[in-house]
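Report on the structure given below.
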Amino acid sequence: MATTAGQSERELLDLGTLNPDEALGRLGANTQGLGEEEAQERLERYGHNEVERARRLGFFGEMAQRCKNPLVIQLFVIAVVSLVMGDARASVVVGAMLVLSVLLGYVQEKRSSYAVERLLTLIKANCVVMRGGHEVELPLRDLVPGDIVVLAAGSIVPADLRLLLSKDFYVSQSALTGESMPVEKHAGACDAAGKNAVDLINTCFQGSNVLSGTARGVVVHTGSRTVFGAITQKLAGQRVLTSFDRGIEGFTWLMIRFMVIMVATVFFIVGLSKHNWVDALLFGLSVAVGLTPEMLPMIVTVNLSKGALAMSRKKVIVKRLNSIQNFGAMDVLCTDKTGTLTQDRIVLERYVDVTNRQSEDVMRYAYMNSHYQTGLRNLLDRAILAHSDLDVERTCRKVDEIPFDFQRRRMSVIIDYEEEHVLICKGAVEETFKACSRYQVDDEIHPLIDVLKQDLMEEYETLSSDGYRVVAIAYREFPRTKEVFSAADESDLVLLGYLAFFDPPRDSSAAALEALRKAGVATKILTGDNALVTRKVCREVGIPVENLMTGDELAKLSPEELTAAVERGTVFARLTPSQKEEIIRALQRAGHVVGFLGDGINDAPAMKTADVGISVDTAVDVAKESADIILLKKSLLILEDGIIEGRKVFGNIIKYIKMSASSNYGNMFSVVGGSYFLPFLPMAPIQILLNNLLYDFSQVGIPADRVDEEYLVSPRRWNIASIKRFMLWIGPMSSIFDYTTYFLMLYFYGCIAFKTTADPALKAHYESLFHTGWFVESLLTQTLIVHIIRTNRIPFFQSRASLALTFTTLSAMLAASLLPYSPFAAYFGLTPLPASFWLWMAATLGTYAVLTHFVKMRFLKKYGID
């Protein structure tokens, strides 16, 4: 059903002025939720709850999108100009290059992306709704207008909602407004005059996420009719460029500028020396094709897609393809300890009073707190509820709730119990102590004096240092006349006792951390847990606890001191979500590529700030939404596999870039020099194009190539300076052998006689023989050199190319060798070469390979592996 953005906003503003019951009536809904038949009818009417992201294009749309690349446009213009000037052969060859680059990239990317999309369906984002009077969990896409949605801390707001009930309800609308501060929402009617929809305090919007509190709301708009959907429609297809994107784009334009200068130079040299400006233009256009890295878009796309597919086989799902490069470049991984270093299997070990004796009162109060809370139940709550099975519904009734937040670090429920309203508080020990003025032992209540507080803290620290996660239980009784409670009522509490939980370390943690260290990735622990438990766990898994700092200590540091502290430290405890984000930024200021692995609502800001955000499929919705990479299994061992795969992808892309840059730079000397002193063109335009087509084909196997182990041992970043240095060192090597071939063909095989003979047939023979000799030498040497450049080891002996790359390079070399003897030779202006030429060719290839390898090793010794 089509609805404009203006209509959607007006409807939200109108509903905002109504009370909750009137809003329900306007939408044809009720507090019990829709029936299944009504929900199905609305799903058919309004469609699935999906915003329009990058719209899936059809085949022709995809082709048009790929043809916008400047390299493809350049080839297309050259093909058209060649055709207009009557050189149909050149136009056909350039067209074949276009097809090879564009169509192959399309086919390979589709193959990989469909496989990854199938795996992405395993990552389910659900919401809780009322259907037929019962709470049920539904996929977000099945939500319809009129559904009643249940929200709690950690939820993503799944659609535009008019609130019906709320309790201490705060949301983040930063995705819509850019405002980082939480916004409190209420269910009552409000004045909408002069306001925008996003300013309504009783309306929540798709794309927001719940920070604390609980609420229920009725769905007003879904999918593209939401405020978020309208914004997304405008931005569909737009994507922020990563440093990798900018690097590729910069290299592309560098090559284009280089090509323009070269073509202009060659055009004027040939025109002035040969006095044939038409030939000069056709030759210049052919040189332009030869200097264009037209396979770059295909190589990048196929490498990234193939890497995403390979990573998915290792249970690592890539949501954003270009994050693969940052994954491989990551040199610092920040992670919480829970579930990564530990088993994420919390067991309630002890429930004791303040004298360290087991207490059923502590267990009962803790159970009632966890049972009645409606916020995001964590592992501790589940462990409490799994430990006992108390029938609390028969003996008490819930009155109110004070939700958890990361400032108070505690939450409370209020129940009607034994003729009074009892506030039961559960939370971090230090924060709960601050709210307590008394303590209870058996049935006696005593003042909590400072000396006793110190003794109790020592008992807590003893439990924590033994690896237990400890929370405190406290309570306060109120008269039944008090019905509404707030965080201010968490005062003058009676401390009842402690709960001690244990989360055993993973057996694989030590090995995984060592594997990351060997891969050049430093691990830093960022946790909200206390320092004692964190120290114990880190010690057990082999993490050196260097300069452990707490959130309180970090808060006192200046930005410069913080940067120095996070460089030195490995473990940071008692952190707030904003402090995790500050640590990420400090590491980035220090020049690190930072990854963050998290699964909680408190991790989402840090994941968005990190260079690569990593989450797990069991994470809360907002964490999965913030992530670039999602692990199907919460294990650092899987993470290490993904990092290595990211480096393989980047390594193969850099291979092509180095090959193209060095080859083009070398060809510059050969083409410019040959155009100046030779009595004819160094190579016919059609031959340059054919040479380039065969060379392009030889590169098709690069995405499937192996990457040497030593390249994978440390993070790899985009380094244009290194590429330029490599080009300057390796490029001129090819020109040496181009010039030796020039002089071989001129003086050994007599092509210099072109100058003295008046016979047109002899002239044509000498010119064709020269062209054929350089055509073969040029293609064989630059294709062979692929095997030299692709590895930092001794090629063929210490490192062999993949079967795919070996096949494509050998096929190109075989085609170049056989073409002069084939029926197509005359069409391309080639002629059979004498047998002695092949002896010279064998010597050239051997010498070229040895010399290039020697120069490469000198380069590596001077500059290292990049």
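By order in the structure tokens, chains are A, B, ...; within a chain, residues start at 1; ligands start at 1, following the order shown.
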
Residues near range 702-711 of chain A, anyone? I mean within 7 Å using only C-alpha atoms, not counting same-chain ones fewer than 5 positions away, as a ChimeraX atom specification.
/A:299,302-303,648,651-652,791,801-802,804-805

Within 8 Å of range 65-70 of chain A, counting only C-alpha atoms, which residues show up once you throw out same-chain ones fewer than 4 positions away? Write them as a ChimeraX atom specification, please.
/A:61,74,102,297

Which of range 181-378 of chain A counts as alpha helix (DSSP H) under DSSP, as number ranges by chain please?
A: 227-235, 243-274, 277-290, 296-313, 323-329, 360-372

Considering only C-alpha atoms, can you say which of A:Leu348, A:Ala487, A:Cys538, A:Ile269 comes closest to Gly674 in chain A?
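Closest to Gly674 in chain A, using only C-alpha atoms: A:Ile269.
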
Please identify all polymer residues within 6 Å of range 655-666 of chain A, counting only C-alpha atoms, omitting same-chain residues fewer than 3 positions from it, and present them as number ranges by chain.
A: 291, 652, 669, 727, 730-732, 734-735, 790

Can I get the selected residues back with C-alpha atoms, as a PDB file, in the first residue's frame?
```pdb
ATOM      1  CA  LEU A 291      48.220   0.639 -19.991  1.00  0.00           C
ATOM      2  CA  ASN A 652      45.751 -11.500  -4.031  1.00  0.00           C
ATOM      3  CA  PHE A 669      60.127   2.877 -21.672  1.00  0.00           C
ATOM      4  CA  MET A 727      56.820  -0.316  -9.708  1.00  0.00           C
ATOM      5  CA  ILE A 730      60.611  -4.045 -11.079  1.00  0.00           C
ATOM      6  CA  GLY A 731      59.161  -2.164 -14.077  1.00  0.00           C
ATOM      7  CA  PRO A 732      62.427  -1.329 -15.872  1.00  0.00           C
ATOM      8  CA  SER A 734      61.018  -5.795 -18.659  1.00  0.00           C
ATOM      9  CA  SER A 735      62.328  -2.908 -20.771  1.00  0.00           C
ATOM     10  CA  ARG A 790      53.113 -13.432  -6.871  1.00  0.00           C
TER      11      ARG A 790
END
```

Excluding same-chain residues fewer than 3 positions from range 492-497 of chain A, what lies within 10 Å of it counting only C-alpha atoms, as a ChimeraX atom specification?
/A:351-359,361-363,365-366,423-425,429,432-442,445-448,456,471-477,489

At a cut-off of 8 Å, using only C-alpha atoms, what residues contact Leu163 in chain A? Leave out same-chain residues fewer than 4 positions from it and give the result as a PyMOL selection string.
chain A and resi 20+186-187+202-204+215-218

With N, CA and C atoms kept, could you save the residues just selected as an mmCIF file, in the first residue's frame?
```cif
data_model
loop_
_atom_site.group_PDB
_atom_site.id
_atom_site.type_symbol
_atom_site.label_atom_id
_atom_site.label_comp_id
_atom_site.auth_asym_id
_atom_site.auth_seq_id
_atom_site.Cartn_x
_atom_site.Cartn_y
_atom_site.Cartn_z
ATOM 1 N N PRO A 20 -3.590 6.435 24.692
ATOM 2 C CA PRO A 20 -3.291 5.098 24.157
ATOM 3 C C PRO A 20 -4.513 4.332 23.660
ATOM 4 N N HIS A 186 7.405 8.342 26.894
ATOM 5 C CA HIS A 186 6.235 8.099 27.737
ATOM 6 C C HIS A 186 5.069 7.689 26.857
ATOM 7 N N ALA A 187 4.052 7.081 27.473
ATOM 8 C CA ALA A 187 2.911 6.585 26.698
ATOM 9 C C ALA A 187 1.778 7.596 26.584
ATOM 10 N N ASN A 202 5.920 10.103 22.733
ATOM 11 C CA ASN A 202 5.159 8.862 22.894
ATOM 12 C C ASN A 202 5.268 7.953 21.672
ATOM 13 N N THR A 203 6.228 8.243 20.811
ATOM 14 C CA THR A 203 6.396 7.474 19.579
ATOM 15 C C THR A 203 7.845 7.016 19.455
ATOM 16 N N CYS A 204 8.022 5.757 19.089
ATOM 17 C CA CYS A 204 9.366 5.207 18.846
ATOM 18 C C CYS A 204 9.490 4.864 17.370
ATOM 19 N N ALA A 215 8.573 -1.333 27.679
ATOM 20 C CA ALA A 215 7.443 -0.637 27.064
ATOM 21 C C ALA A 215 6.671 -1.599 26.181
ATOM 22 N N ARG A 216 5.447 -1.196 25.870
ATOM 23 C CA ARG A 216 4.648 -1.854 24.846
ATOM 24 C C ARG A 216 4.125 -0.783 23.909
ATOM 25 N N GLY A 217 4.089 -1.117 22.623
ATOM 26 C CA GLY A 217 3.627 -0.146 21.645
ATOM 27 C C GLY A 217 2.887 -0.831 20.520
ATOM 28 N N VAL A 218 2.025 -0.075 19.852
ATOM 29 C CA VAL A 218 1.287 -0.596 18.709
ATOM 30 C C VAL A 218 1.978 -0.124 17.431
#
```
